[in-house]
Amino acid sequence: MLRSVIAFVLSNIVTLFMFSEGLAREPGEIRHVLERPALYVRALVVVLLFVPLVALGVVHAFRLPTVLASAILLMAVCPGAPLQVNQAKSLGANPTTSINLLLLLSVCALVTVPAWVVVLDRMLGVEFRASPELVFRLLAVKILPPLAVGIAVRHYLPRVAQALAPWCSRVFTVLLVAVSVGLLFIVGPKLIHVAWLAVVALVMLVTVSALLGHWAGAPRLEDRKAVALAAAFAHPVLSMTIIIQSYPNYRALEVAGIVGAFVVIRLLALTPYRMWVKRQGEHEGSKRLPPHGGVPA
């Protein structure tokens, strides 16, 4: 019963989150993409091209078994994780850049994910199934419509949006915490059985991806952090669905545990980057402070 509830919440919590984000967004924020096209082009190239290539290099260098290699590579080619927006807030990244990247990556993934899956099929000798219809159903249906509805409510019914936003945010937080606790029972045993080489490979991939994103987000630190998170995170639901579609004999719970283990490892692997950018922010803040005894300009 608990496992069925967790699976249901995981498949629908993204919709609630995007609706909540829409309530807090202004329709004009999308203009940020047109105002800084170079930033978003660099970010898309890094996330959609460089990160998968780095993943291929890491998997080849560590000579991982096909199963572990497939899981890591699938997560590398499935961008647009809503978790990146949530993490961006806690890290002090630019929320506008983060949400715009999520939308752009979700649209691009409709083409790039099936294309990368074909490449992985030929390289690994497996038969992943990621039709454009499958990707569209998971990304376009669960991300774009609820966000658009939330923005529309914010635009046409601002008082309603103002009242709904905090409640949606609270419900999302409660559900996220509850699901996280529930997944511990699934992820815990899987973490023990994950090969240490796969852990090292994943940590290396996350670190390199975050640094590439940090470079692509120049010159503002808040944008660097937003792009770094977009590069470091993957779409676990999309990855899990592709695996389930490809291997019908796998139980969904087992797949959720494996993917959940990788999500936990990714979060832990980002800790050094978080500490580093925090020091960067403190360093930039100290530069803006006036000398001791001076008067701000």
# chains A, B, ... in the order shown; residues from 1 in each chain; ligands from 1
$ residues_around --residues "Arg25 of chain A" --least-positions-apart "5" --cutoff "10 Å" --atoms "only C-alpha atoms" --output "PyMOL selection string"
chain A and resi 19-20+30+95-96+99+147-148+150-152+154-155
$ write_last_selection --atoms "N, CA, C and O atoms" --output "PDB file, in the first residue's frame"
ATOM      1  N   PHE A  19       2.661  23.871 -11.229  1.00  0.00           N
ATOM      2  CA  PHE A  19       1.535  24.789 -11.037  1.00  0.00           C
ATOM      3  C   PHE A  19       1.880  25.824  -9.970  1.00  0.00           C
ATOM      4  O   PHE A  19       1.597  27.017 -10.129  1.00  0.00           O
ATOM      5  N   SER A  20       2.504  25.375  -8.898  1.00  0.00           N
ATOM      6  CA  SER A  20       2.925  26.285  -7.833  1.00  0.00           C
ATOM      7  C   SER A  20       3.930  27.307  -8.343  1.00  0.00           C
ATOM      8  O   SER A  20       3.860  28.493  -8.003  1.00  0.00           O
ATOM      9  N   ILE A  30       9.777  35.247 -19.279  1.00  0.00           N
ATOM     10  CA  ILE A  30      10.295  34.488 -20.417  1.00  0.00           C
ATOM     11  C   ILE A  30      11.136  35.375 -21.330  1.00  0.00           C
ATOM     12  O   ILE A  30      11.961  34.882 -22.113  1.00  0.00           O
ATOM     13  N   PRO A  95      16.232  32.340  -9.893  1.00  0.00           N
ATOM     14  CA  PRO A  95      15.053  31.490 -10.149  1.00  0.00           C
ATOM     15  C   PRO A  95      14.521  31.628 -11.563  1.00  0.00           C
ATOM     16  O   PRO A  95      13.999  30.669 -12.132  1.00  0.00           O
ATOM     17  N   THR A  96      14.644  32.832 -12.142  1.00  0.00           N
ATOM     18  CA  THR A  96      14.173  33.041 -13.511  1.00  0.00           C
ATOM     19  C   THR A  96      14.995  32.215 -14.493  1.00  0.00           C
ATOM     20  O   THR A  96      14.451  31.548 -15.376  1.00  0.00           O
ATOM     21  N   ILE A  99      14.025  28.377 -13.989  1.00  0.00           N
ATOM     22  CA  ILE A  99      12.737  27.936 -14.532  1.00  0.00           C
ATOM     23  C   ILE A  99      12.730  28.015 -16.052  1.00  0.00           C
ATOM     24  O   ILE A  99      12.151  27.165 -16.736  1.00  0.00           O
ATOM     25  N   LEU A 147       2.335  24.670 -15.578  1.00  0.00           N
ATOM     26  CA  LEU A 147       3.033  25.948 -15.447  1.00  0.00           C
ATOM     27  C   LEU A 147       2.251  27.050 -16.140  1.00  0.00           C
ATOM     28  O   LEU A 147       2.092  28.159 -15.593  1.00  0.00           O
ATOM     29  N   ALA A 148       1.752  26.774 -17.352  1.00  0.00           N
ATOM     30  CA  ALA A 148       0.974  27.775 -18.093  1.00  0.00           C
ATOM     31  C   ALA A 148      -0.304  28.146 -17.349  1.00  0.00           C
ATOM     32  O   ALA A 148      -0.690  29.324 -17.293  1.00  0.00           O
ATOM     33  N   GLY A 150      -0.783  28.005 -14.102  1.00  0.00           N
ATOM     34  CA  GLY A 150      -0.387  28.810 -12.951  1.00  0.00           C
ATOM     35  C   GLY A 150      -0.076  30.248 -13.332  1.00  0.00           C
ATOM     36  O   GLY A 150      -0.482  31.195 -12.638  1.00  0.00           O
ATOM     37  N   ILE A 151       0.626  30.440 -14.440  1.00  0.00           N
ATOM     38  CA  ILE A 151       0.940  31.789 -14.909  1.00  0.00           C
ATOM     39  C   ILE A 151      -0.334  32.529 -15.301  1.00  0.00           C
ATOM     40  O   ILE A 151      -0.494  33.729 -15.014  1.00  0.00           O
ATOM     41  N   ALA A 152      -1.265  31.814 -15.937  1.00  0.00           N
ATOM     42  CA  ALA A 152      -2.531  32.442 -16.332  1.00  0.00           C
ATOM     43  C   ALA A 152      -3.322  32.886 -15.105  1.00  0.00           C
ATOM     44  O   ALA A 152      -3.896  33.988 -15.086  1.00  0.00           O
ATOM     45  N   ARG A 154      -2.065  33.657 -12.226  1.00  0.00           N
ATOM     46  CA  ARG A 154      -1.333  34.803 -11.661  1.00  0.00           C
ATOM     47  C   ARG A 154      -1.637  36.083 -12.424  1.00  0.00           C
ATOM     48  O   ARG A 154      -1.764  37.171 -11.839  1.00  0.00           O
ATOM     49  N   HIS A 155      -1.811  35.963 -13.748  1.00  0.00           N
ATOM     50  CA  HIS A 155      -2.035  37.141 -14.587  1.00  0.00           C
ATOM     51  C   HIS A 155      -3.474  37.657 -14.494  1.00  0.00           C
ATOM     52  O   HIS A 155      -3.703  38.864 -14.351  1.00  0.00           O
TER      53      HIS A 155
END
$ residues_around --residues "Pro219 of chain A" --least-positions-apart "6" --cutoff "12 Å" --atoms "only C-alpha atoms" --output "ChimeraX atom specification"
/A:36,38-39,213,225,227
$ atom_distance --atom1 "atom CA of Val200 of chain A" --atom2 "atom CA of Ala234 of chain A"
17.2 Å
$ residues_around --residues "Trp215 of chain A" --least-positions-apart "5" --cutoff "9 Å" --atoms "only C-alpha atoms" --output "list in words"
Ala210, Arg224, Val227 and Ala228 of chain A
$ closest_residue --among "A:His235, A:Lys142, A:Arg63, A:Lys89" --to "Ala109 of chain A" --atoms "only C-alpha atoms"
A:His235
$ residues_around --residues "Leu23 of chain A" --least-positions-apart "3" --cutoff "12 Å" --atoms "only C-alpha atoms" --output "PyMOL selection string"
chain A and resi 16-20+26-27+146-169
$ residues_around --residues "Val118 of chain A" --least-positions-apart "5" --cutoff "12 Å" --atoms "only C-alpha atoms" --output "count of residues only"
15
$ closest_residue --among "A:Asp223, A:Leu120, A:Gly281, A:Arg31" --to "Val59 of chain A" --atoms "only C-alpha atoms"
A:Leu120
$ residues_around --residues "Leu102 of chain A" --least-positions-apart "6" --cutoff "8 Å" --atoms "only C-alpha atoms" --output "list in words"
Gly80, Ala81, Pro82, Gln84, Val85 and Ala230 of chain A
$ residues_around --residues "Ala76 of chain A" --least-positions-apart "4" --cutoff "12 Å" --atoms "only C-alpha atoms" --output "PyMOL selection string"
chain A and resi 46-59+69-72+80-81+109+112-113+116-117+120+202+205-206+209+230-236+238-239+262-263+266
$ closest_residue --among "A:Thr207, A:Val33, A:Leu139, A:Asn86" --to "Asn12 of chain A" --atoms "only C-alpha atoms"
A:Leu139
